[in-house]
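Content type mmCIF, C-alpha atoms, from the file start-v3.cif:
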data_model
loop_
_atom_site.label_atom_id
_atom_site.label_comp_id
_atom_site.auth_asym_id
_atom_site.auth_seq_id
_atom_site.Cartn_x
_atom_site.Cartn_y
_atom_site.Cartn_z
CA MET A 1 58.09 -30.43 -11.35
CA ALA A 2 61.75 -31.18 -10.68
CA LYS A 3 62.44 -34.56 -9.07
CA MET A 4 62.86 -34.40 -5.31
CA TYR A 5 64.62 -36.78 -2.90
CA TYR A 6 64.43 -37.10 0.88
CA GLU A 7 66.10 -39.15 3.60
CA LYS A 8 64.07 -42.23 2.67
CA ASP A 9 65.60 -42.06 -0.84
CA CYS A 10 69.20 -41.74 0.34
CA GLU A 11 71.27 -44.67 1.57
CA LEU A 12 74.16 -43.45 3.70
CA SER A 13 75.60 -46.97 3.38
CA TYR A 14 76.91 -46.04 -0.08
CA LEU A 15 79.61 -44.12 1.79
CA ASP A 16 80.63 -47.16 3.85
CA GLY A 17 84.29 -47.93 3.30
CA LYS A 18 84.79 -44.79 1.24
CA LYS A 19 87.31 -42.15 2.20
CA ILE A 20 86.09 -38.60 1.66
CA ALA A 21 88.61 -35.82 1.04
CA ILE A 22 87.26 -32.31 1.56
CA ILE A 23 89.46 -29.81 -0.25
CA GLY A 24 89.27 -26.52 1.64
CA TYR A 25 88.11 -25.54 5.11
CA GLY A 26 86.24 -22.29 4.54
CA SER A 27 82.52 -21.66 4.88
CA GLN A 28 81.35 -24.75 2.97
CA GLY A 29 84.44 -26.85 3.65
CA HIS A 30 84.21 -26.78 7.42
CA ALA A 31 80.47 -27.56 7.29
CA HIS A 32 80.79 -30.52 4.95
CA ALA A 33 83.75 -31.99 6.82
CA LEU A 34 82.22 -31.66 10.29
CA ASN A 35 78.75 -32.84 9.23
CA LEU A 36 80.16 -35.89 7.45
CA LYS A 37 82.37 -36.67 10.44
CA ASP A 38 79.36 -36.43 12.75
CA SER A 39 77.47 -38.73 10.37
CA GLY A 40 80.13 -41.41 10.90
CA CYS A 41 82.03 -40.98 7.63
CA ASP A 42 85.79 -41.32 7.14
CA VAL A 43 86.83 -37.75 6.35
CA CYS A 44 90.01 -35.79 5.88
CA VAL A 45 90.61 -32.16 4.99
CA GLY A 46 93.05 -31.26 2.24
CA LEU A 47 94.78 -27.90 2.66
CA ARG A 48 97.65 -26.14 0.95
CA GLU A 49 100.97 -25.95 2.78
CA GLY A 50 100.90 -23.25 5.47
CA SER A 51 97.13 -22.83 5.46
CA LYS A 52 95.84 -20.78 8.39
CA ASN A 53 92.88 -23.17 8.62
CA ARG A 54 94.98 -26.21 9.48
CA ALA A 55 94.89 -25.52 13.23
CA ASN A 56 91.12 -25.00 13.16
CA ALA A 57 90.50 -28.28 11.35
CA GLU A 58 92.79 -30.21 13.66
CA ALA A 59 91.20 -28.61 16.72
CA ALA A 60 87.84 -29.88 15.45
CA GLY A 61 89.22 -33.44 15.46
CA LEU A 62 89.66 -33.76 11.70
CA LYS A 63 92.53 -35.42 9.84
CA VAL A 64 94.46 -32.87 7.80
CA MET A 65 96.66 -33.56 4.78
CA THR A 66 98.09 -31.59 1.91
CA VAL A 67 95.80 -31.35 -1.12
CA SER A 68 97.81 -33.88 -3.10
CA GLU A 69 97.92 -36.30 -0.16
CA ALA A 70 94.17 -35.96 0.32
CA ALA A 71 93.50 -36.49 -3.40
CA LYS A 72 95.61 -39.63 -3.37
CA TRP A 73 93.96 -40.89 -0.15
CA GLY A 74 90.33 -40.13 -0.99
CA ASP A 75 87.77 -42.14 -2.91
CA ILE A 76 85.51 -39.09 -3.07
CA ILE A 77 87.22 -35.73 -3.57
CA MET A 78 84.98 -32.74 -2.88
CA ILE A 79 86.47 -29.44 -4.08
CA LEU A 80 85.28 -26.60 -1.84
CA ILE A 81 87.84 -23.86 -2.41
CA ASN A 82 86.97 -20.65 -4.27
CA ASP A 83 85.87 -21.08 -7.89
CA GLU A 84 88.75 -19.01 -9.21
CA ALA A 85 91.39 -21.18 -7.50
CA GLN A 86 89.98 -24.59 -8.37
CA ALA A 87 91.36 -25.13 -11.87
CA ASP A 88 95.03 -24.54 -11.00
CA MET A 89 94.83 -26.66 -7.86
CA TYR A 90 93.00 -29.43 -9.72
CA LYS A 91 95.64 -29.64 -12.46
CA LYS A 92 98.56 -29.58 -10.02
CA ASP A 93 97.37 -31.52 -6.99
CA ILE A 94 94.26 -33.54 -7.85
CA ALA A 95 94.26 -34.69 -11.47
CA PRO A 96 97.38 -36.90 -11.07
CA TYR A 97 95.54 -39.01 -8.46
CA LEU A 98 92.13 -39.37 -10.17
CA THR A 99 92.18 -43.07 -10.87
CA ASP A 100 89.22 -44.89 -12.39
CA GLY A 101 86.35 -45.47 -9.96
CA LYS A 102 86.98 -42.40 -7.82
CA ALA A 103 84.48 -39.55 -7.59
CA LEU A 104 85.12 -35.85 -8.10
CA ALA A 105 82.53 -33.64 -6.41
CA PHE A 106 81.58 -29.97 -6.39
CA ALA A 107 79.15 -27.68 -4.59
CA HIS A 108 78.90 -25.35 -7.60
CA GLY A 109 79.23 -26.13 -11.28
CA PHE A 110 81.30 -23.13 -12.46
CA ASN A 111 84.50 -24.95 -13.41
CA ILE A 112 82.73 -27.86 -15.09
CA ARG A 113 80.22 -25.63 -16.94
CA TYR A 114 82.96 -23.35 -18.29
CA GLN A 115 85.41 -26.24 -18.88
CA GLN A 116 88.11 -24.95 -16.58
CA ILE A 117 88.20 -28.50 -15.18
CA VAL A 118 87.81 -31.48 -17.54
CA PRO A 119 87.82 -34.73 -15.51
CA PRO A 120 88.94 -38.05 -16.99
CA ALA A 121 86.22 -40.37 -18.30
CA GLY A 122 86.73 -43.07 -15.67
CA VAL A 123 85.63 -41.04 -12.62
CA ASP A 124 82.19 -40.10 -11.33
CA VAL A 125 81.50 -36.35 -11.34
CA PHE A 126 78.66 -35.14 -9.16
CA MET A 127 77.37 -32.05 -7.44
CA ALA A 128 76.11 -31.76 -3.86
CA ALA A 129 75.11 -28.11 -3.59
CA PRO A 130 73.51 -26.78 -0.39
CA LYS A 131 71.28 -23.81 -1.13
CA GLY A 132 72.63 -21.76 1.74
CA PRO A 133 75.92 -20.53 3.23
CA GLY A 134 78.22 -23.11 4.78
CA HIS A 135 77.73 -21.69 8.26
CA THR A 136 74.00 -22.34 7.89
CA VAL A 137 74.70 -25.86 6.61
CA ARG A 138 76.56 -26.50 9.86
CA SER A 139 74.19 -24.77 12.29
CA THR A 140 71.06 -26.42 10.89
CA TYR A 141 72.72 -29.85 10.97
CA VAL A 142 73.66 -29.39 14.63
CA ALA A 143 70.05 -28.37 15.32
CA GLY A 144 68.81 -31.64 13.79
CA LYS A 145 67.63 -30.01 10.57
CA GLY A 146 69.24 -29.37 7.21
CA VAL A 147 69.64 -27.01 4.27
CA PRO A 148 67.93 -28.01 0.99
CA CYS A 149 70.41 -29.20 -1.62
CA LEU A 150 70.73 -29.67 -5.36
CA VAL A 151 72.08 -32.90 -6.81
CA ALA A 152 73.52 -33.34 -10.30
CA VAL A 153 75.62 -35.94 -12.05
CA GLU A 154 77.87 -34.97 -14.95
CA GLN A 155 79.60 -38.35 -15.32
CA ASN A 156 78.31 -41.69 -14.07
CA ALA A 157 81.38 -43.83 -14.70
CA THR A 158 80.65 -46.36 -11.94
CA GLY A 159 76.90 -46.56 -12.45
CA ASN A 160 76.40 -45.51 -8.80
CA ALA A 161 77.12 -41.78 -9.04
CA TYR A 162 73.57 -40.72 -8.15
CA LYS A 163 73.42 -43.06 -5.16
CA ILE A 164 76.82 -41.86 -3.92
CA ALA A 165 75.82 -38.22 -4.42
CA LEU A 166 72.56 -38.68 -2.51
CA ALA A 167 74.39 -40.51 0.28
CA TYR A 168 76.86 -37.62 0.48
CA ILE A 169 74.01 -35.11 0.73
CA ALA A 170 72.40 -37.20 3.47
CA GLY A 171 75.72 -37.13 5.29
CA ILE A 172 75.81 -33.33 5.34
CA GLY A 173 72.16 -33.13 6.44
CA GLY A 174 70.63 -31.92 3.19
CA ALA A 175 68.24 -34.84 2.77
CA ARG A 176 66.48 -33.80 6.00
CA ALA A 177 65.23 -30.74 4.12
CA GLY A 178 64.95 -32.05 0.57
CA VAL A 179 67.15 -32.61 -2.48
CA MET A 180 66.25 -31.36 -5.95
CA GLU A 181 67.67 -32.91 -9.11
CA THR A 182 69.28 -30.56 -11.63
CA THR A 183 72.27 -30.38 -14.01
CA PHE A 184 75.66 -28.71 -13.75
CA HIS A 185 74.64 -26.44 -16.62
CA ASP A 186 71.39 -25.24 -15.02
CA GLU A 187 72.76 -24.95 -11.48
CA THR A 188 75.68 -22.82 -12.62
CA GLU A 189 73.68 -20.40 -14.72
CA THR A 190 70.77 -19.98 -12.30
CA ASP A 191 73.08 -19.68 -9.30
CA LEU A 192 75.19 -16.96 -10.89
CA PHE A 193 72.06 -15.16 -12.06
CA GLY A 194 70.40 -15.29 -8.62
CA GLU A 195 73.54 -14.07 -6.87
CA GLN A 196 74.11 -11.18 -9.23
CA THR A 197 70.60 -9.87 -9.78
CA VAL A 198 68.79 -10.65 -6.53
CA LEU A 199 70.55 -12.27 -3.58
CA CYS A 200 73.84 -10.36 -3.49
CA GLY A 201 74.10 -7.74 -6.22
CA GLY A 202 70.43 -6.78 -6.19
CA VAL A 203 69.80 -6.85 -2.44
CA VAL A 204 73.04 -5.13 -1.44
CA ASP A 205 72.54 -2.28 -3.92
CA LEU A 206 68.90 -1.92 -2.87
CA MET A 207 69.88 -1.68 0.81
CA ARG A 208 72.70 0.73 0.07
CA CYS A 209 70.47 3.02 -1.99
CA GLY A 210 67.75 3.02 0.67
CA PHE A 211 70.27 3.77 3.41
CA GLU A 212 71.86 6.61 1.44
CA VAL A 213 68.52 8.21 0.51
CA LEU A 214 67.42 8.36 4.16
CA VAL A 215 70.75 9.68 5.43
CA GLU A 216 70.97 12.27 2.65
CA ALA A 217 67.43 13.39 3.62
CA GLY A 218 68.64 14.12 7.16
CA TYR A 219 67.53 11.02 9.05
CA GLU A 220 69.81 9.40 11.62
CA PRO A 221 72.00 6.72 10.03
CA GLU A 222 71.05 4.33 12.84
CA ASN A 223 67.39 4.63 11.86
CA ALA A 224 68.31 4.14 8.21
CA TYR A 225 70.25 0.98 9.09
CA PHE A 226 67.35 -0.51 11.04
CA GLU A 227 64.77 0.24 8.37
CA CYS A 228 66.75 -0.71 5.27
CA MET A 229 69.08 -3.48 6.51
CA HIS A 230 68.38 -4.95 9.94
CA GLU A 231 64.71 -5.72 9.24
CA LEU A 232 65.46 -7.47 5.96
CA LYS A 233 66.29 -10.72 7.76
CA LEU A 234 62.95 -10.64 9.58
CA ILE A 235 61.09 -10.24 6.28
CA VAL A 236 63.11 -12.93 4.50
CA ASP A 237 62.57 -15.40 7.35
CA LEU A 238 58.80 -15.00 6.90
CA ILE A 239 59.07 -15.53 3.13
CA ASN A 240 61.26 -18.57 3.74
CA LYS A 241 58.55 -20.07 5.95
CA GLY A 242 55.49 -19.39 3.82
CA GLY A 243 56.18 -17.32 0.73
CA VAL A 244 55.36 -13.68 0.09
CA GLY A 245 51.75 -14.30 1.12
CA ALA A 246 52.85 -15.35 4.61
CA MET A 247 55.05 -12.27 4.86
CA ASN A 248 52.17 -10.03 3.84
CA TYR A 249 49.92 -11.73 6.39
CA SER A 250 52.43 -10.92 9.12
CA ILE A 251 53.05 -7.27 8.28
CA SER A 252 50.62 -4.36 8.54
CA ASP A 253 48.13 -3.58 5.79
CA THR A 254 49.90 -0.23 5.47
CA ALA A 255 53.17 -1.99 4.67
CA GLU A 256 51.44 -4.33 2.23
CA TYR A 257 49.76 -1.42 0.43
CA GLY A 258 53.16 0.29 0.19
CA GLU A 259 54.55 -2.89 -1.36
CA TYR A 260 51.98 -2.73 -4.14
CA VAL A 261 52.19 0.98 -4.96
CA SER A 262 55.89 1.69 -4.40
CA GLY A 263 57.70 -1.57 -5.26
CA PRO A 264 57.12 -1.14 -9.02
CA ARG A 265 58.21 2.51 -8.79
CA VAL A 266 61.57 1.54 -7.30
CA ILE A 267 62.05 -1.54 -9.48
CA PRO A 268 60.13 -0.99 -12.75
CA PRO A 269 59.31 -4.55 -13.86
CA GLU A 270 59.94 -4.38 -17.60
CA GLU A 271 63.06 -2.21 -17.35
CA THR A 272 64.45 -4.38 -14.55
CA LYS A 273 63.74 -7.62 -16.40
CA ALA A 274 65.41 -6.27 -19.53
CA ARG A 275 68.56 -5.55 -17.52
CA MET A 276 68.32 -8.95 -15.84
CA ARG A 277 68.10 -10.62 -19.25
CA ALA A 278 71.33 -8.85 -20.24
CA VAL A 279 73.03 -10.23 -17.11
CA LEU A 280 71.68 -13.71 -17.90
CA SER A 281 72.99 -13.47 -21.46
CA ASP A 282 76.49 -12.69 -20.16
CA ILE A 283 76.29 -15.76 -17.92
CA GLN A 284 74.98 -18.04 -20.67
CA ASP A 285 77.53 -17.08 -23.32
CA GLY A 286 80.52 -17.13 -20.95
CA THR A 287 81.15 -13.36 -20.90
CA PHE A 288 80.87 -13.14 -17.12
CA ALA A 289 83.03 -16.23 -16.57
CA GLY A 290 85.68 -14.82 -18.91
CA LYS A 291 85.73 -11.49 -17.06
CA TRP A 292 86.01 -13.19 -13.66
CA ILE A 293 88.79 -15.50 -14.80
CA ALA A 294 90.67 -12.52 -16.28
CA GLU A 295 90.11 -10.45 -13.12
CA ASN A 296 91.89 -13.10 -11.08
CA LYS A 297 94.74 -13.45 -13.53
CA ASN A 298 95.28 -9.67 -13.57
CA GLY A 299 95.62 -9.01 -9.82
CA ARG A 300 91.95 -8.47 -8.89
CA CYS A 301 92.32 -4.68 -8.88
CA PHE A 302 88.62 -3.96 -9.52
CA PHE A 303 87.45 -6.62 -7.05
CA ASN A 304 89.80 -5.51 -4.27
CA SER A 305 88.95 -1.81 -4.70
CA LYS A 306 85.22 -2.56 -4.42
CA ARG A 307 85.80 -4.66 -1.30
CA GLN A 308 87.80 -1.87 0.33
CA ASN A 309 85.21 0.75 -0.57
CA LEU A 310 82.47 -1.33 1.04
CA LYS A 311 84.41 -1.50 4.32
CA LYS A 312 84.49 2.30 4.41
CA HIS A 313 80.80 2.79 3.65
CA GLN A 314 78.77 4.43 6.40
CA MET A 315 76.17 1.63 6.45
CA GLU A 316 78.89 -0.89 7.36
CA ILE A 317 80.43 1.32 10.03
CA VAL A 318 77.07 2.22 11.61
CA GLY A 319 75.89 -1.38 11.43
CA GLU A 320 78.96 -2.68 13.24
CA GLU A 321 78.47 -0.23 16.10
CA LEU A 322 74.76 -0.98 16.38
CA ARG A 323 75.29 -4.74 16.45
CA LYS A 324 77.71 -4.36 19.37
CA ASN A 325 74.88 -2.85 21.40
CA MET A 326 72.32 -5.56 20.62
CA ILE A 327 71.54 -8.34 23.07
CA TRP A 328 73.93 -10.60 21.18
CA GLY A 329 76.69 -8.05 21.74
CA GLY A 330 79.83 -8.61 19.73
CA ASP A 331 78.94 -12.13 18.62
CA LYS A 332 80.40 -12.61 15.15
CA ASP A 333 79.99 -16.40 14.97
CA LEU A 334 78.54 -16.99 11.52
CA ASP A 335 77.60 -20.54 12.47
CA THR A 336 74.68 -19.05 14.41
CA ALA A 337 73.70 -16.46 11.81
CA SER A 338 70.42 -18.20 10.94
CA ASN A 339 69.40 -18.95 14.53
#
If you took the structure in this file and wrote it as structure tokens, what would it be?
Amino acid sequence: MAKMYYEKDCELSYLDGKKIAIIGYGSQGHAHALNLKDSGCDVCVGLREGSKNRANAEAAGLKVMTVSEAAKWGDIIMILINDEAQADMYKKDIAPYLTDGKALAFAHGFNIRYQQIVPPAGVDVFMAAPKGPGHTVRSTYVAGKGVPCLVAVEQNATGNAYKIALAYIAGIGGARAGVMETTFHDETETDLFGEQTVLCGGVVDLMRCGFEVLVEAGYEPENAYFECMHELKLIVDLINKGGVGAMNYSISDTAEYGEYVSGPRVIPPEETKARMRAVLSDIQDGTFAGKWIAENKNGRCFFNSKRQNLKKHQMEIVGEELRKNMIWGGDKDLDTASN
């Protein structure tokens, strides 16, 4: 079994006297910065000139600098901007200030795995990767809990990279839940695979197909939304607590029987796994990374068209109207999405 760490294994004192620069203030960035600040760490946020997030970070009581200023100031530099923007920013604003003994940190291994970023030999390179969205990282921390994290060390120049990485994870609350040891290579490939085949690509297409089949058969779109989208969270929460067995225990025997007879009809195991293996192969040999890098260099036409089409889809329009009429009304605060 993979090696696990918990709060008793993590010494927050390894962050004493260290200045932590969080590059970016999006979903993960705001969570890491605020959690570390609340854990007593010396934190600043590095943002590009004119960033719309500057006011939000300052309003939260955080020091804000430009990216280059933050990279020069920080002993630990955590890069939390989008994967596709990291390499250019690193070369321009971070690399010139990576002196020996500093640490370069990531929450996902994409740019190290595919060699878009190649750090100098004298710096620690580690990963502190929460296995959940940034808004959940923040909300669980505030609730006294945490999101499980992965830890990996690519370069241990100082000899203390693991201890610093574990201290960092403790600072964002991850050690409260558990920390699993991995590598940049394995985290990158499994993360991309999970996102594409199950968590995002797979689930979204499954929901969309279910919604469309019911609506095309004449059922009210509101009913279709409830049955194929809204209830998914309730099911996943049960699985999160106790696995599929706990979910099956909590649903009706009718629903469980339907799982056994109809699940394989919708997702034929061997055919689905064959297609999943093809996706995994593209991730392993760099085909997917190459396509994504090229998509960003060529104006993101495919990506942007897909995003716009999703906004216009009936399931999104119906869902927005339904959510306004729930007891939580128009609450769109993603920090409470898992509560």
List as CSV every residue of stretch 133-207 of chain A that is in contact with stretch 32-35 of chain A, defined as an atom at most 9 Å from one of its atoms (using all atoms listed in the file), together with the nearest atom pair and the distance in Å rounded to one decimal, sorted by chain and then rising number.
residue,atom,partner,partner_atom,distance
A:Gly134,CA,A:His32,CA,7.8
A:Val137,CA,A:His32,CA,7.8
A:Arg138,CA,A:Asn35,CA,6.7
A:Tyr141,CA,A:Asn35,CA,7.0
A:Val142,CA,A:Asn35,CA,8.2
A:Gly171,CA,A:Asn35,CA,6.6
A:Ile172,CA,A:Asn35,CA,4.9
A:Gly173,CA,A:Asn35,CA,7.2
| said: From the options A:Tyr257, A:Tyr168, A:Trp292, A:Tyr225, which residue's atoms come nearest to A:Ala85, counting only C-alpha atoms? | reply: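 Counting only C-alpha atoms, the residue closest to A:Ala85 is A:Trp292.
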| field | Hits from the PyMOL selection byres ((chain A and resi 146) around 9), listed as a list in words | value | Thr136, Val137, Arg138, Ser139, Thr140, Tyr141, Val142, Ala143, Gly144, Lys145, Val147, Pro148, Cys149, Ile172, Gly173, Gly174, Ala175, Arg176, Ala177 and Gly178 of chain A
| task | Using the chain letters and numbers from the file, give me the residues hit by the PyMOL selection byres ((chain A and resi 190) around 12), as a ChimeraX atom specification. | result | /A:108-110,113,131,150,182-189,191-199,276-277,279-281,283-284
| message | Suppose a student applies the PyMOL selection byres ((chain A and resi 5-19) around 7) to this structure; what residues should they get, written as a VMD selection string? | response | chain A and resid 3 to 4 20 to 21 42 to 43 74 to 76 163 to 164 166 to 167 170 to 171 175 to 176 178 to 180
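Proximity to A:Lys297 was assessed for A:Met247, A:Lys233, A:Glu84, A:Arg275 counting all atoms listed in the file; the smallest distance is recorded for A:Glu84.
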| said: I'd like to know which of A:Ile169, A:Cys44, A:Trp73, A:Arg208 is closest to A:Gly61, using only C-alpha atoms. | reply: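 When distances to A:Gly61 are compared using only C-alpha atoms, the smallest one comes from A:Cys44.
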Calculate, to one decimal in Å, the centre and edge lengths of the box along x, y and z of the file that holds all listed atoms of stretch 178-197 of chain A with 6 Å of margin on each side, and present them as lines of an AutoDock Vina configuration file.
center_x = 70.3
center_y = -21.4
center_z = -8.0
size_x = 22.7
size_y = 35.0
size_z = 29.2
| request: Point out the residue among A:Gly122, A:Pro221, A:Pro133, A:Pro269 with the least atom-to-atom distance to A:Ser27, counting all atoms listed in the file. | output: A:Pro133
Please complete stretch 5-15 of chain A so it has all heavy atoms, and hand it over as a compact mmCIF listing (two decimals), in the coordinates of the input.
# COMPACT_ATOMS: atom_id res chain seq x y z
N TYR A 5 64.19 -35.65 -3.71
CA TYR A 5 64.62 -36.78 -2.90
C TYR A 5 64.62 -36.36 -1.44
O TYR A 5 64.84 -35.18 -1.11
CB TYR A 5 66.03 -37.25 -3.27
CG TYR A 5 66.20 -37.65 -4.72
CD1 TYR A 5 66.61 -36.71 -5.67
CD2 TYR A 5 66.00 -38.96 -5.13
CE1 TYR A 5 66.79 -37.06 -7.00
CE2 TYR A 5 66.18 -39.34 -6.46
CZ TYR A 5 66.58 -38.38 -7.39
OH TYR A 5 66.76 -38.74 -8.70
N TYR A 6 64.42 -37.35 -0.56
CA TYR A 6 64.43 -37.10 0.88
C TYR A 6 65.22 -38.21 1.56
O TYR A 6 65.79 -39.08 0.89
CB TYR A 6 62.99 -37.02 1.42
CG TYR A 6 62.19 -35.93 0.75
CD1 TYR A 6 61.39 -36.20 -0.37
CD2 TYR A 6 62.27 -34.60 1.19
CE1 TYR A 6 60.69 -35.19 -1.02
CE2 TYR A 6 61.56 -33.59 0.54
CZ TYR A 6 60.78 -33.89 -0.55
OH TYR A 6 60.10 -32.89 -1.20
N GLU A 7 65.27 -38.17 2.88
CA GLU A 7 66.10 -39.15 3.60
C GLU A 7 65.76 -40.59 3.23
O GLU A 7 66.64 -41.44 3.14
CB GLU A 7 65.95 -38.94 5.12
CG GLU A 7 66.77 -37.76 5.65
CD GLU A 7 66.82 -37.73 7.16
OE1 GLU A 7 65.78 -37.46 7.77
OE2 GLU A 7 67.92 -37.97 7.71
N LYS A 8 64.48 -40.87 3.00
CA LYS A 8 64.07 -42.23 2.67
C LYS A 8 64.65 -42.69 1.32
O LYS A 8 64.72 -43.90 1.04
CB LYS A 8 62.55 -42.32 2.62
CG LYS A 8 61.89 -41.46 1.55
CD LYS A 8 60.38 -41.57 1.59
CE LYS A 8 59.70 -40.64 0.58
NZ LYS A 8 60.11 -40.85 -0.81
N ASP A 9 65.05 -41.74 0.48
CA ASP A 9 65.60 -42.06 -0.84
C ASP A 9 67.12 -42.15 -0.83
O ASP A 9 67.72 -42.49 -1.87
CB ASP A 9 65.18 -40.99 -1.85
CG ASP A 9 63.68 -40.77 -1.89
OD1 ASP A 9 62.96 -41.77 -2.08
OD2 ASP A 9 63.24 -39.62 -1.71
N CYS A 10 67.74 -41.83 0.27
CA CYS A 10 69.20 -41.74 0.34
C CYS A 10 69.75 -42.82 1.27
O CYS A 10 69.34 -42.90 2.43
CB CYS A 10 69.63 -40.36 0.85
SG CYS A 10 68.94 -38.99 -0.10
N GLU A 11 70.67 -43.61 0.77
CA GLU A 11 71.27 -44.67 1.57
C GLU A 11 72.69 -44.27 1.96
O GLU A 11 73.61 -44.32 1.14
CB GLU A 11 71.29 -45.99 0.80
CG GLU A 11 69.90 -46.50 0.43
CD GLU A 11 69.96 -47.79 -0.36
OE1 GLU A 11 70.68 -48.71 0.07
OE2 GLU A 11 69.29 -47.87 -1.41
N LEU A 12 72.85 -43.88 3.21
CA LEU A 12 74.16 -43.45 3.70
C LEU A 12 75.19 -44.57 3.56
O LEU A 12 76.39 -44.33 3.51
CB LEU A 12 74.05 -42.99 5.16
CG LEU A 12 75.18 -42.14 5.72
CD1 LEU A 12 75.36 -40.86 4.94
CD2 LEU A 12 74.93 -41.84 7.19
N SER A 13 74.71 -45.81 3.48
CA SER A 13 75.60 -46.97 3.38
C SER A 13 76.47 -46.94 2.12
O SER A 13 77.49 -47.63 2.06
CB SER A 13 74.79 -48.27 3.41
OG SER A 13 73.90 -48.34 2.32
N TYR A 14 76.07 -46.14 1.12
CA TYR A 14 76.91 -46.04 -0.08
C TYR A 14 78.22 -45.32 0.20
O TYR A 14 79.11 -45.29 -0.65
CB TYR A 14 76.14 -45.35 -1.21
CG TYR A 14 75.29 -46.32 -2.00
CD1 TYR A 14 73.96 -46.53 -1.68
CD2 TYR A 14 75.85 -47.05 -3.06
CE1 TYR A 14 73.18 -47.44 -2.39
CE2 TYR A 14 75.08 -47.95 -3.78
CZ TYR A 14 73.75 -48.14 -3.44
OH TYR A 14 72.99 -49.05 -4.15
N LEU A 15 78.34 -44.73 1.39
CA LEU A 15 79.61 -44.12 1.79
C LEU A 15 80.45 -45.05 2.66
O LEU A 15 81.58 -44.71 3.00
CB LEU A 15 79.34 -42.80 2.54
CG LEU A 15 78.60 -41.70 1.78
CD1 LEU A 15 78.48 -40.46 2.64
CD2 LEU A 15 79.28 -41.38 0.45
